[in-house]
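Novice: run-v4.tsv is the file, holding TSV, C-alpha atoms:
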chain	number	residue	atom	x	y	z
A	1	ASP	CA	41.47	34.23	23.60
A	2	GLN	CA	42.09	30.53	24.15
A	3	GLN	CA	41.18	29.87	27.75
A	4	VAL	CA	41.59	26.10	27.37
A	5	LYS	CA	44.57	24.76	25.49
A	6	GLN	CA	45.53	21.32	24.31
A	7	ASN	CA	49.01	21.83	22.99
A	8	SER	CA	49.50	18.39	21.46
A	9	PRO	CA	47.51	18.03	18.22
A	10	SER	CA	48.16	14.29	18.15
A	11	LEU	CA	49.52	11.40	20.19
A	12	SER	CA	50.45	7.89	19.11
A	13	VAL	CA	50.62	5.05	21.67
A	14	GLN	CA	51.14	1.32	21.53
A	15	GLU	CA	48.24	-0.90	22.59
A	16	GLY	CA	48.48	-1.83	26.27
A	17	ARG	CA	50.58	1.20	27.20
A	18	ILE	CA	49.50	4.36	28.97
A	19	SER	CA	48.07	7.33	27.06
A	20	ILE	CA	48.49	10.73	28.70
A	21	LEU	CA	46.57	13.68	27.28
A	22	ASN	CA	47.27	17.14	28.63
A	23	CYS	CA	45.24	20.31	28.98
A	24	ASP	CA	46.05	23.78	30.33
A	25	TYR	CA	43.67	26.56	31.25
A	26	THR	CA	44.07	30.23	32.05
A	27	ASN	CA	40.81	31.25	33.74
A	28	SER	CA	40.93	30.69	37.51
A	29	MET	CA	37.12	30.93	37.65
A	30	PHE	CA	36.77	27.47	36.10
A	31	ASP	CA	35.57	25.04	38.74
A	32	TYR	CA	34.65	21.96	36.75
A	33	PHE	CA	36.58	20.11	34.09
A	34	LEU	CA	35.49	17.43	31.67
A	35	TRP	CA	36.96	15.15	29.05
A	36	TYR	CA	35.03	14.15	25.95
A	37	LYS	CA	35.86	11.63	23.28
A	38	LYS	CA	34.77	12.15	19.70
A	39	TYR	CA	34.69	9.89	16.67
A	40	PRO	CA	34.36	11.36	13.16
A	41	ALA	CA	30.81	12.32	12.20
A	42	GLU	CA	29.54	11.76	15.75
A	43	GLY	CA	28.87	14.00	18.72
A	44	PRO	CA	31.26	14.20	21.68
A	45	THR	CA	30.80	11.47	24.27
A	46	PHE	CA	31.31	12.34	27.93
A	47	LEU	CA	34.16	10.38	29.50
A	48	ILE	CA	35.05	11.69	32.92
A	49	SER	CA	34.96	14.90	34.94
A	50	ILE	CA	36.54	16.46	37.98
A	51	SER	CA	35.55	19.23	40.34
A	52	SER	CA	38.10	21.86	41.31
A	53	ILE	CA	37.91	20.70	44.93
A	54	LYS	CA	39.50	17.38	43.96
A	55	ASP	CA	42.85	16.52	42.45
A	56	LYS	CA	42.03	13.09	41.06
A	57	ASN	CA	39.05	11.17	39.75
A	58	GLU	CA	39.13	7.62	38.47
A	59	ASP	CA	36.67	5.60	36.42
A	60	GLY	CA	37.85	2.25	35.16
A	61	ARG	CA	40.72	2.73	32.73
A	62	PHE	CA	40.35	6.53	32.83
A	63	THR	CA	41.87	8.81	35.46
A	64	VAL	CA	41.85	12.59	35.42
A	65	PHE	CA	44.38	14.58	37.45
A	66	LEU	CA	43.96	18.25	38.29
A	67	ASN	CA	46.78	20.56	39.38
A	68	LYS	CA	45.09	23.83	40.26
A	69	SER	CA	48.25	25.74	41.06
A	70	ALA	CA	49.61	24.95	37.60
A	71	LYS	CA	46.18	25.28	35.95
A	72	HIS	CA	46.80	21.92	34.34
A	73	LEU	CA	44.86	18.71	33.98
A	74	SER	CA	45.62	15.42	32.36
A	75	LEU	CA	43.73	12.32	31.29
A	76	HIS	CA	45.40	8.95	31.73
A	77	ILE	CA	44.14	5.90	29.87
A	78	VAL	CA	45.54	2.58	31.07
A	79	PRO	CA	45.79	0.23	29.30
A	80	SER	CA	45.20	1.87	25.94
A	81	GLN	CA	43.10	-0.05	23.43
A	82	PRO	CA	42.73	0.41	19.65
A	83	GLY	CA	39.08	1.42	20.23
A	84	ASP	CA	40.34	4.42	22.20
A	85	SER	CA	41.58	5.97	18.96
A	86	ALA	CA	39.58	9.18	18.63
A	87	VAL	CA	39.79	12.93	19.22
A	88	TYR	CA	39.83	13.87	22.89
A	89	PHE	CA	38.55	17.26	24.00
A	90	CYS	CA	39.22	18.91	27.32
A	91	ALA	CA	36.49	21.30	28.49
A	92	ALA	CA	36.02	23.61	31.44
A	93	SER	CA	33.06	25.38	33.01
A	94	ALA	CA	32.26	27.77	35.83
A	95	LYS	CA	29.10	28.27	37.87
A	96	GLU	CA	29.37	31.97	37.18
A	97	TYR	CA	29.21	31.29	33.44
A	98	GLY	CA	26.10	29.13	33.62
A	99	ASN	CA	27.81	25.83	32.95
A	100	LYS	CA	28.64	26.62	29.34
A	101	LEU	CA	31.63	24.60	28.27
A	102	VAL	CA	34.86	26.09	26.96
A	103	PHE	CA	36.65	23.52	24.83
A	104	GLY	CA	40.24	22.97	23.85
A	105	ALA	CA	41.10	22.29	20.22
A	106	GLY	CA	41.41	18.56	20.79
A	107	THR	CA	44.11	15.89	20.64
A	108	ILE	CA	43.97	13.04	18.14
A	109	LEU	CA	44.89	9.79	19.89
A	110	ARG	CA	46.02	6.83	17.81
A	111	VAL	CA	46.46	3.52	19.58
A	112	LYS	CA	48.48	1.08	17.50
A	113	SER	CA	47.94	-2.64	17.81
B	1	ASN	CA	16.38	6.49	27.73
B	2	ALA	CA	16.93	8.02	24.34
B	3	GLY	CA	19.88	10.33	23.98
B	4	VAL	CA	19.94	13.82	22.54
B	5	MET	CA	18.36	13.83	19.08
B	6	GLN	CA	19.31	16.19	16.31
B	7	ASN	CA	17.92	16.51	12.83
B	8	PRO	CA	18.69	16.70	10.10
B	9	ARG	CA	22.10	15.05	10.31
B	10	HIS	CA	23.20	16.69	7.09
B	11	LEU	CA	21.87	19.88	5.57
B	12	VAL	CA	22.89	21.53	2.32
B	13	ARG	CA	21.84	25.09	1.64
B	14	ARG	CA	22.66	27.59	-1.05
B	15	ARG	CA	23.95	31.00	-0.05
B	16	GLY	CA	21.07	33.23	1.01
B	17	GLN	CA	18.75	30.42	2.08
B	18	GLU	CA	17.62	29.67	5.62
B	19	ALA	CA	18.80	26.74	7.72
B	20	ARG	CA	16.77	25.27	10.59
B	21	LEU	CA	18.44	22.84	12.95
B	22	ARG	CA	16.43	20.89	15.51
B	23	CYS	CA	17.38	19.43	18.86
B	24	SER	CA	15.39	17.28	21.27
B	25	PRO	CA	17.11	17.00	24.67
B	26	MET	CA	17.37	13.85	26.73
B	27	LYS	CA	14.25	12.95	28.67
B	28	GLY	CA	14.13	14.90	31.91
B	29	HIS	CA	16.64	17.52	30.72
B	30	SER	CA	15.40	21.07	30.57
B	31	HIS	CA	18.64	22.85	29.67
B	32	VAL	CA	19.86	23.00	26.08
B	33	TYR	CA	23.16	24.30	24.75
B	34	TRP	CA	24.21	24.82	21.14
B	35	TYR	CA	27.83	24.63	20.02
B	36	ARG	CA	29.49	25.04	16.65
B	37	GLN	CA	32.60	23.29	15.41
B	38	LEU	CA	34.38	24.85	12.48
B	39	PRO	CA	36.82	22.68	10.50
B	40	GLU	CA	40.02	21.90	12.42
B	41	GLU	CA	38.78	23.66	15.55
B	42	GLY	CA	37.25	22.81	18.91
B	43	LEU	CA	33.62	23.33	19.79
B	44	LYS	CA	32.54	26.89	20.51
B	45	PHE	CA	29.57	27.80	22.71
B	46	MET	CA	26.74	29.63	20.98
B	47	VAL	CA	23.64	29.78	23.17
B	48	TYR	CA	22.09	28.35	26.34
B	49	LEU	CA	18.33	27.96	26.65
B	50	GLN	CA	15.75	26.68	29.04
B	51	LYS	CA	12.12	26.13	28.13
B	52	GLU	CA	10.81	29.39	26.64
B	53	ASN	CA	13.86	31.34	27.80
B	54	ILE	CA	17.22	32.32	26.35
B	55	ILE	CA	19.62	32.36	29.29
B	56	ASP	CA	22.92	33.17	27.59
B	57	GLU	CA	23.43	34.02	23.93
B	58	SER	CA	26.88	35.52	24.29
B	59	GLY	CA	28.34	33.13	21.69
B	60	MET	CA	25.79	33.82	18.98
B	61	PRO	CA	26.73	35.99	16.01
B	62	LYS	CA	24.85	39.26	16.27
B	63	GLU	CA	23.03	38.91	12.98
B	64	ARG	CA	21.23	36.13	11.11
B	65	PHE	CA	21.35	33.62	14.00
B	66	SER	CA	18.52	32.97	16.44
B	67	ALA	CA	17.50	30.17	18.79
B	68	GLU	CA	14.40	29.12	20.63
B	69	PHE	CA	13.25	26.37	22.95
B	70	PRO	CA	9.45	26.45	23.03
B	71	LYS	CA	7.27	24.98	25.72
B	72	GLU	CA	6.39	22.13	23.40
B	73	GLY	CA	8.71	20.65	20.82
B	74	PRO	CA	12.41	20.72	20.09
B	75	SER	CA	14.89	23.54	20.36
B	76	ILE	CA	15.51	25.26	17.02
B	77	LEU	CA	18.67	27.00	15.83
B	78	ARG	CA	17.84	29.18	12.87
B	79	ILE	CA	20.35	30.72	10.48
B	80	GLN	CA	18.98	33.20	7.99
B	81	GLN	CA	20.66	34.11	4.69
B	82	VAL	CA	23.41	31.55	5.13
B	83	VAL	CA	26.94	32.27	3.89
B	84	ARG	CA	29.82	29.90	3.14
B	85	GLY	CA	31.40	30.68	6.50
B	86	ASP	CA	28.38	29.13	8.26
B	87	SER	CA	29.45	25.69	7.01
B	88	ALA	CA	30.23	23.76	10.16
B	89	ALA	CA	29.03	21.01	12.47
B	90	TYR	CA	26.39	22.23	14.91
B	91	PHE	CA	26.01	20.27	18.12
B	92	CYS	CA	23.29	20.42	20.69
B	93	ALA	CA	23.82	19.30	24.28
B	94	SER	CA	21.44	18.89	27.20
B	95	SER	CA	21.89	18.93	30.93
B	96	PRO	CA	19.52	18.13	33.76
B	97	ARG	CA	20.26	21.14	35.89
B	98	TYR	CA	21.66	24.62	35.94
B	99	GLY	CA	25.00	25.53	37.37
B	100	GLY	CA	28.50	24.20	37.24
B	101	GLY	CA	29.29	20.60	37.89
B	102	TYR	CA	26.82	18.89	35.64
B	103	GLU	CA	27.79	17.01	32.55
B	104	GLN	CA	26.35	17.93	29.19
B	105	TYR	CA	25.32	15.16	26.84
B	106	PHE	CA	25.71	15.79	23.15
B	107	GLY	CA	23.68	14.86	20.14
B	108	PRO	CA	25.23	13.52	16.90
B	109	GLY	CA	25.31	16.97	15.31
B	110	THR	CA	24.03	18.56	12.13
B	111	ARG	CA	26.57	19.12	9.40
B	112	LEU	CA	25.66	22.22	7.48
B	113	THR	CA	27.17	22.77	4.06
B	114	VAL	CA	26.58	26.06	2.30
B	115	THR	CA	27.20	25.97	-1.44
Represent the structure of the file as structure tokens.
Specialist:
Amino acid sequence: DQQVKQNSPSLSVQEGRISILNCDYTNSMFDYFLWYKKYPAEGPTFLISISSIKDKNEDGRFTVFLNKSAKHLSLHIVPSQPGDSAVYFCAASAKEYGNKLVFGAGTILRVKS
Amino acid sequence: NAGVMQNPRHLVRRRGQEARLRCSPMKGHSHVYWYRQLPEEGLKFMVYLQKENIIDESGMPKERFSAEFPKEGPSILRIQQVVRGDSAAYFCASSPRYGGGYEQYFGPGTRLTVT
């Protein structure tokens, strides 16, 4: 039962352009959403999060958009840099579930210079 | 402020042996979560602990796996009688507070290989 889905296994973007990573969820109890970035042989690094009471959160080059009615969120990276090349995981949590994170399968982002 | 520490980083065990994975949370964090990542998959929740208490172990396999977070010292994930299917990356995360809306910070992981 995949409650969090990242349907694009990989994405390739030119340096300087926008990267858009997508994530869908099925459980309407989720009230907090997070994006993590992961390099090989390292742990996930927290990037940005958004509460279900908001529809947008911005931090530097990273913006997360949440569409609750569509149960969809996206991460925008502008401008993309070669150092952004990594696996990006979408995760969701709910107060009722004690903050445990439910992860998507990840999207591999490659930024070409 | 040191991040989440995990050791060992790599662990090789033969089938039937025991594996012990250690996690020290970030300073000031009293909530520890363990996740497992199988090859080509996302991270899956295993167990959530606070000091001396297991809060949620709904993601733990029913047999051979156990976890603790004693009053003193690191959290330990213990796998008895390991099998090849236990080969995975095990990540520990810590959080300062309970409840939704708080980020979890991850350690570098322990890569377990069962031969």
Novice: Excluding range 9-12 of chain B and its own-chain neighbours fewer than 3 positions away, which residues fall within 7 Å of it when counting all atoms listed in the file? Please give them as a list in words.
Specialist: Gln6, Gly109, Thr110, Arg111, Leu112, Thr113 and Val114 of chain B
Novice: Hey, what's within 10 Å of Lys56 in chain A if we count all atoms listed in the file and toss same-chain stuff fewer than 2 positions away? As a list in words, please?
Specialist: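 Skipping anything fewer than 2 positions along the chain leaves Ser49, Ile50, Ser51, Ser52, Ile53, Lys54, Glu58, Thr63, Val64, Phe65, Leu66, Asn67, Leu73, Ser74 and Leu75 of chain A.
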Novice: Which residue is closest to chain A? Choose from B:Ile76, B:Ala67, B:Val83, B:Leu38 and count only C-alpha atoms.
Specialist: B:Leu38
Novice: Separation of CA of Ser80 in chain A and CA of Ala89 in chain B, in Å?
Specialist: 28.4 Å
Novice: Go ahead and fit an axis-aligned box to every listed atom of range 70-89 of chain A plus 6 Å each side, and pass me the centre and edge lengths in Å, one decimal, as JSON.
Specialist:
{"center_x": 44.1, "center_y": 12.6, "center_z": 28.1, "size_x": 23.1, "size_y": 37.3, "size_z": 31.0}
Novice: Residues of chain B within 9 Å of chain A, using only C-alpha atoms, as number ranges by chain?
Specialist: B: 33, 40-45, 47-48, 55-56, 89, 91-92, 98-109, 111
Novice: Write out as an NGL selection string which residues come within 8 Å of Lys51 in chain B when counting all atoms listed in the file, dropping same-chain ones fewer than 6 positions away.
Specialist: :B and (30-31 or 69-71)
Novice: Would you list the contacts of range 15-26 of chain B as an mmCIF file with C-alpha atoms, in the coordinates of the input, taking every protein, DNA or RNA residue within 7 Å and counting all atoms listed in the file, but skipping same-chain residues closer than 6 positions in sequence?
Specialist:
data_model
loop_
_atom_site.group_PDB
_atom_site.id
_atom_site.type_symbol
_atom_site.label_atom_id
_atom_site.label_comp_id
_atom_site.auth_asym_id
_atom_site.auth_seq_id
_atom_site.Cartn_x
_atom_site.Cartn_y
_atom_site.Cartn_z
ATOM 1 C CA ALA B 2 16.930 8.020 24.340
ATOM 2 C CA GLY B 3 19.880 10.330 23.980
ATOM 3 C CA VAL B 4 19.940 13.820 22.540
ATOM 4 C CA MET B 5 18.360 13.830 19.080
ATOM 5 C CA GLN B 6 19.310 16.190 16.310
ATOM 6 C CA ASN B 7 17.920 16.510 12.830
ATOM 7 C CA PRO B 8 18.690 16.700 10.100
ATOM 8 C CA VAL B 32 19.860 23.000 26.080
ATOM 9 C CA PRO B 74 12.410 20.720 20.090
ATOM 10 C CA SER B 75 14.890 23.540 20.360
ATOM 11 C CA ILE B 76 15.510 25.260 17.020
ATOM 12 C CA LEU B 77 18.670 27.000 15.830
ATOM 13 C CA ARG B 78 17.840 29.180 12.870
ATOM 14 C CA ILE B 79 20.350 30.720 10.480
ATOM 15 C CA GLN B 80 18.980 33.200 7.990
ATOM 16 C CA GLN B 81 20.660 34.110 4.690
ATOM 17 C CA VAL B 82 23.410 31.550 5.130
ATOM 18 C CA VAL B 83 26.940 32.270 3.890
ATOM 19 C CA ARG B 84 29.820 29.900 3.140
ATOM 20 C CA CYS B 92 23.290 20.420 20.690
ATOM 21 C CA SER B 94 21.440 18.890 27.200
ATOM 22 C CA VAL B 114 26.580 26.060 2.300
ATOM 23 C CA THR B 115 27.200 25.970 -1.440
#
Novice: Do you know which residues lie at most 8 Å from (50.1, 10.2, 16.1), with coordinates as in the file and all atoms listed in the file counted, and could you write them as a PyMOL selection string?
Specialist: chain A and resi 10-13+108-110
Novice: When you draw a straight line from CA of Gln37 in chain B to CA of Gly85 in chain B, how long is it in Å?
Specialist: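 Straight-line distance from CA of Gln37 in chain B to CA of Gly85 in chain B works out to 11.6 Å.
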Novice: CA of Gly83 in chain A and CA of Pro96 in chain B, how far apart in Å?
Specialist: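 CA of Gly83 in chain A lies 29.1 Å from CA of Pro96 in chain B.
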Novice: Atoms are missing here; could range 17-38 of chain A be completed with N, CA and C atoms and written as a short mmCIF file (atom, residue, chain, number, x, y, z; two decimals), in the coordinates of the input?
Specialist:
data_model
loop_
_atom_site.label_atom_id
_atom_site.label_comp_id
_atom_site.auth_asym_id
_atom_site.auth_seq_id
_atom_site.Cartn_x
_atom_site.Cartn_y
_atom_site.Cartn_z
N ARG A 17 49.80 0.20 26.46
CA ARG A 17 50.58 1.20 27.20
C ARG A 17 49.68 2.30 27.70
N ILE A 18 50.27 3.25 28.43
CA ILE A 18 49.50 4.36 28.97
C ILE A 18 49.42 5.50 27.96
N SER A 19 48.24 6.10 27.84
CA SER A 19 48.07 7.33 27.06
C SER A 19 47.89 8.47 28.05
N ILE A 20 48.63 9.55 27.84
CA ILE A 20 48.49 10.73 28.70
C ILE A 20 48.17 11.93 27.83
N LEU A 21 47.00 12.49 28.04
CA LEU A 21 46.57 13.68 27.28
C LEU A 21 46.56 14.86 28.23
N ASN A 22 47.10 15.97 27.77
CA ASN A 22 47.27 17.14 28.63
C ASN A 22 46.39 18.31 28.22
N CYS A 23 46.12 19.15 29.20
CA CYS A 23 45.24 20.31 28.98
C CYS A 23 45.65 21.41 29.96
N ASP A 24 45.75 22.63 29.48
CA ASP A 24 46.05 23.78 30.33
C ASP A 24 44.92 24.80 30.22
N TYR A 25 44.69 25.53 31.30
CA TYR A 25 43.67 26.56 31.25
C TYR A 25 44.20 27.83 31.89
N THR A 26 43.58 28.94 31.56
CA THR A 26 44.07 30.23 32.05
C THR A 26 43.10 30.90 33.01
N ASN A 27 41.83 30.55 32.96
CA ASN A 27 40.81 31.25 33.74
C ASN A 27 40.65 30.58 35.10
N SER A 28 41.00 31.27 36.16
CA SER A 28 40.93 30.69 37.51
C SER A 28 39.49 30.56 38.02
N MET A 29 38.52 31.09 37.26
CA MET A 29 37.12 30.93 37.65
C MET A 29 36.58 29.53 37.33
N PHE A 30 37.24 28.82 36.45
CA PHE A 30 36.77 27.47 36.10
C PHE A 30 36.77 26.59 37.34
N ASP A 31 35.66 25.89 37.55
CA ASP A 31 35.57 25.04 38.74
C ASP A 31 35.15 23.61 38.42
N TYR A 32 35.03 23.30 37.14
CA TYR A 32 34.65 21.96 36.75
C TYR A 32 35.28 21.66 35.41
N PHE A 33 35.83 20.46 35.30
CA PHE A 33 36.58 20.11 34.09
C PHE A 33 36.11 18.75 33.58
N LEU A 34 36.05 18.63 32.28
CA LEU A 34 35.49 17.43 31.67
C LEU A 34 36.37 16.99 30.51
N TRP A 35 36.33 15.70 30.25
CA TRP A 35 36.96 15.15 29.05
C TRP A 35 35.88 14.48 28.21
N TYR A 36 35.94 14.76 26.91
CA TYR A 36 35.03 14.15 25.95
C TYR A 36 35.85 13.45 24.89
N LYS A 37 35.26 12.40 24.36
CA LYS A 37 35.86 11.63 23.28
C LYS A 37 34.97 11.79 22.06
N LYS A 38 35.59 11.94 20.89
CA LYS A 38 34.77 12.15 19.70
C LYS A 38 35.30 11.34 18.52
#
